[in-house]
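Asker: Would you mind keeping the following structure in view while I ask a few things?
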Amino acid sequence: MRAANPLVVFLCAALAVAGCASPKTLKKRDLSSVQVGQAAALSKKLGKPTYILPVTKGRYKGSQMYVYEWDKPGDNIVNRMYTYVVVRDGLVAAVFEDPDDKYEKDAKAAAYAFLDSEGERKLSGVSNQQTTAGALRSLAQGVAMAGSFIPVAGPALSLAGQAAGLTTQAVTAGGSAPATTYNPAAARPAYLRTVPPEDLPRLDQPPAASN
């Protein structure tokens with residue numbers, strides 16, 4: 001049986017990358033077992049929050065708020081649902097979570113989140129396209145240096161370039177990837193709560209008051 005042509009294998013992989021233009025969705029972290037009084041540094045569940053924000057006012061002033069971002073499937077918004085863990089003096093003080101109907105109740109926040117999601121989708125598509133374009137240009141340059149003994153190179157590069165949204169000339173001549181005028185949003189969305197949302201449901205189990 002004849003071995004697969006390495007060039008063809010590479011091009012198939014490049015085409016697959018070009019098709020993966022969806023931004024990454026974040027799985028909801030299960031923090032239901034996190035309780036008040038736990039040492040945050042010793043909890044594996046609390047590792048790698050999406051954001052760590054200082055609490056500058058309110059009941060928990062001087063604390064830190066660990067924010068975990070996650071995605072609610074089917075709402076056309078990429079991630080932008082949050083679970084909030086208040087950490088004071090290294091210990092968990094409270095855990096709050098956005099309700100599933102968050103964006104149904106707040107049309108303004110939903111509009112911001114949807115627009116940000118559309119921008120993220122666009123940025124993800126551009127990033128994947130540029131990655132694929134760079135790989136194709138490198139391959140084209142390698143083929144040019146190696147000579148014309150790989151007969152599949154010309155048409156395969158052309159097809160792969162079209163799939164990546166490039167012209168054949170840009171691929172074979174090593175042209176630049178398409179430019180974009182999209183400006184990515186700030187790392188932390190402006191509408192993300194920066195103080196503990198005490199009006200939201202609590203996930204933690206505060207210790208019962210002793211008599």
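Residue numbers start at 1 in each chain; chains themselves are named A, B, ... in the order of the structure tokens; ligands are numbered from 1 in the order shown.
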Distance table requested - range 84-104 of chain A against range 63-78 of chain A, cut-off 6 Å, only C-alpha atoms: one row per qualifying residue with the closest atom pair and its distance in Å to one decimal, ordered by chain and rising residue number, as a tab-separated table.

Answerer:
residue	atom	partner	partner_atom	distance
A:Tyr84	CA	A:Val67	CA	4.7
A:Val85	CA	A:Tyr66	CA	5.0
A:Val86	CA	A:Met65	CA	4.5
A:Val87	CA	A:Gln64	CA	5.2
A:Arg88	CA	A:Ser63	CA	4.6

Asker: List every residue of range 6-105 of chain A that DSSP, applied to the backbone of this structure, assigns to alpha helix (DSSP H), and report them as an NGL selection string.

Answerer: :A and (6-19 or 102-105)

Asker: Let me make sure I understand: among A:Tyr82, A:Leu91, A:Ser124, A:Glu118, which one has the smallest atom-to-atom distance to Arg193 in chain A if we use only C-alpha atoms?

Answerer: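 Comparing A:Tyr82, A:Leu91, A:Ser124, A:Glu118 against Arg193 in chain A, the winner is A:Tyr82.
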
Asker: Looking at A:Lys44, A:Lys28, A:Val92, A:Ala190, which one is nearest to Tyr60 in chain A, with distances taken over only C-alpha atoms?

Answerer: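 With only C-alpha atoms as the atom set, the closest residue is A:Val92.
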
Asker: Using only C-alpha atoms, which residue out of A:Pro49, A:Pro23, A:Pro196, A:Gly37 lies closest to Ala93 in chain A?

Answerer: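 Among the listed residues, A:Gly37 lies closest to Ala93 in chain A.
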
Asker: Using only C-alpha atoms, which residue out of A:Asp116, A:Gly90, A:Thr25, A:Ala41 lies closest to Gly62 in chain A?

Answerer: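 Of the candidates, the smallest distance to Gly62 in chain A is held by A:Gly90.
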
Asker: Using only C-alpha atoms, which residues sit within 12 Å of Ala110 in chain A once same-chain residues fewer than 3 positions away are excluded, as a CSV table (one decimal) with N, CA, C and O atoms, in the first residue's frame?

Answerer:
chain,number,residue,atom,x,y,z
A,75,ASP,N,-27.3,30.3,23.7
A,75,ASP,CA,-27.8,31.7,23.9
A,75,ASP,C,-27.2,32.7,22.9
A,75,ASP,O,-27.4,33.9,23.0
A,76,ASN,N,-26.3,32.2,22.0
A,76,ASN,CA,-25.7,33.0,21.0
A,76,ASN,C,-24.7,34.0,21.6
A,76,ASN,O,-24.3,35.0,20.9
A,77,ILE,N,-24.3,33.8,22.8
A,77,ILE,CA,-23.3,34.6,23.5
A,77,ILE,C,-22.2,33.7,23.9
A,77,ILE,O,-22.4,32.7,24.5
A,78,VAL,N,-21.0,34.1,23.5
A,78,VAL,CA,-19.8,33.3,23.8
A,78,VAL,C,-19.3,33.6,25.2
A,78,VAL,O,-18.9,34.7,25.6
A,79,ASN,N,-19.5,32.6,26.1
A,79,ASN,CA,-19.1,32.7,27.5
A,79,ASN,C,-19.9,33.8,28.2
A,79,ASN,O,-21.1,33.9,28.0
A,80,ARG,N,-19.2,34.7,28.9
A,80,ARG,CA,-19.8,35.8,29.5
A,80,ARG,C,-20.9,35.5,30.6
A,80,ARG,O,-21.8,36.3,30.8
A,81,MET,N,-20.8,34.3,31.1
A,81,MET,CA,-21.6,34.0,32.3
A,81,MET,C,-20.5,33.9,33.4
A,81,MET,O,-19.4,33.4,33.1
A,101,ASP,N,-31.0,32.8,33.6
A,101,ASP,CA,-31.8,33.8,32.8
A,101,ASP,C,-31.2,35.2,32.9
A,101,ASP,O,-31.9,36.2,32.7
A,102,LYS,N,-29.9,35.3,33.2
A,102,LYS,CA,-29.2,36.6,33.4
A,102,LYS,C,-29.5,37.6,32.3
A,102,LYS,O,-29.9,38.7,32.5
A,103,TYR,N,-29.3,37.1,31.0
A,103,TYR,CA,-29.4,38.0,29.9
A,103,TYR,C,-30.9,38.2,29.5
A,103,TYR,O,-31.2,39.1,28.7
A,104,GLU,N,-31.8,37.4,29.9
A,104,GLU,CA,-33.2,37.6,29.7
A,104,GLU,C,-33.7,38.7,30.5
A,104,GLU,O,-34.7,39.4,30.2
A,105,LYS,N,-33.1,38.9,31.7
A,105,LYS,CA,-33.6,39.9,32.6
A,105,LYS,C,-32.9,41.3,32.4
A,105,LYS,O,-33.4,42.3,32.8
A,106,ASP,N,-31.7,41.3,31.7
A,106,ASP,CA,-31.0,42.5,31.5
A,106,ASP,C,-30.7,42.7,30.1
A,106,ASP,O,-29.7,42.2,29.6
A,107,ALA,N,-31.5,43.4,29.4
A,107,ALA,CA,-31.4,43.5,27.9
A,107,ALA,C,-30.1,44.3,27.5
A,107,ALA,O,-29.5,44.0,26.5
A,113,ALA,N,-23.0,42.0,25.6
A,113,ALA,CA,-22.4,40.6,25.6
A,113,ALA,C,-22.5,40.1,24.1
A,113,ALA,O,-21.5,39.4,23.6
A,114,PHE,N,-23.6,40.3,23.5
A,114,PHE,CA,-23.8,39.7,22.1
A,114,PHE,C,-22.8,40.4,21.2
A,114,PHE,O,-22.2,39.8,20.3
A,115,LEU,N,-22.7,41.8,21.3
A,115,LEU,CA,-21.7,42.5,20.4
A,115,LEU,C,-20.3,42.0,20.6
A,115,LEU,O,-19.5,41.8,19.7
A,116,ASP,N,-19.9,41.9,21.9
A,116,ASP,CA,-18.6,41.4,22.2
A,116,ASP,C,-18.4,40.0,21.6
A,116,ASP,O,-17.3,39.6,21.2
A,117,SER,N,-19.4,39.1,21.7
A,117,SER,CA,-19.3,37.8,21.2
A,117,SER,C,-19.1,37.8,19.7
A,117,SER,O,-18.3,37.0,19.1
A,191,TYR,N,-18.7,45.6,31.5
A,191,TYR,CA,-19.9,45.4,32.2
A,191,TYR,C,-19.8,44.2,33.2
A,191,TYR,O,-20.8,43.8,33.9
A,192,LEU,N,-18.6,43.7,33.4
A,192,LEU,CA,-18.4,42.6,34.4
A,192,LEU,C,-18.4,43.3,35.8
A,192,LEU,O,-17.8,44.3,36.0

Asker: Figure out the distance between CA of Gln35 in chain A and CA of Asp204 in chain A, please, to one decimal in Å.

Answerer: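 CA of Gln35 in chain A lies 4.9 Å from CA of Asp204 in chain A.
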
Asker: Rounded to one decimal place, report the CA of Arg202 in chain A-CA of Phe96 in chain A distance in Å.

Answerer: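 One can read the CA of Arg202 in chain A to CA of Phe96 in chain A distance as 4.5 Å.
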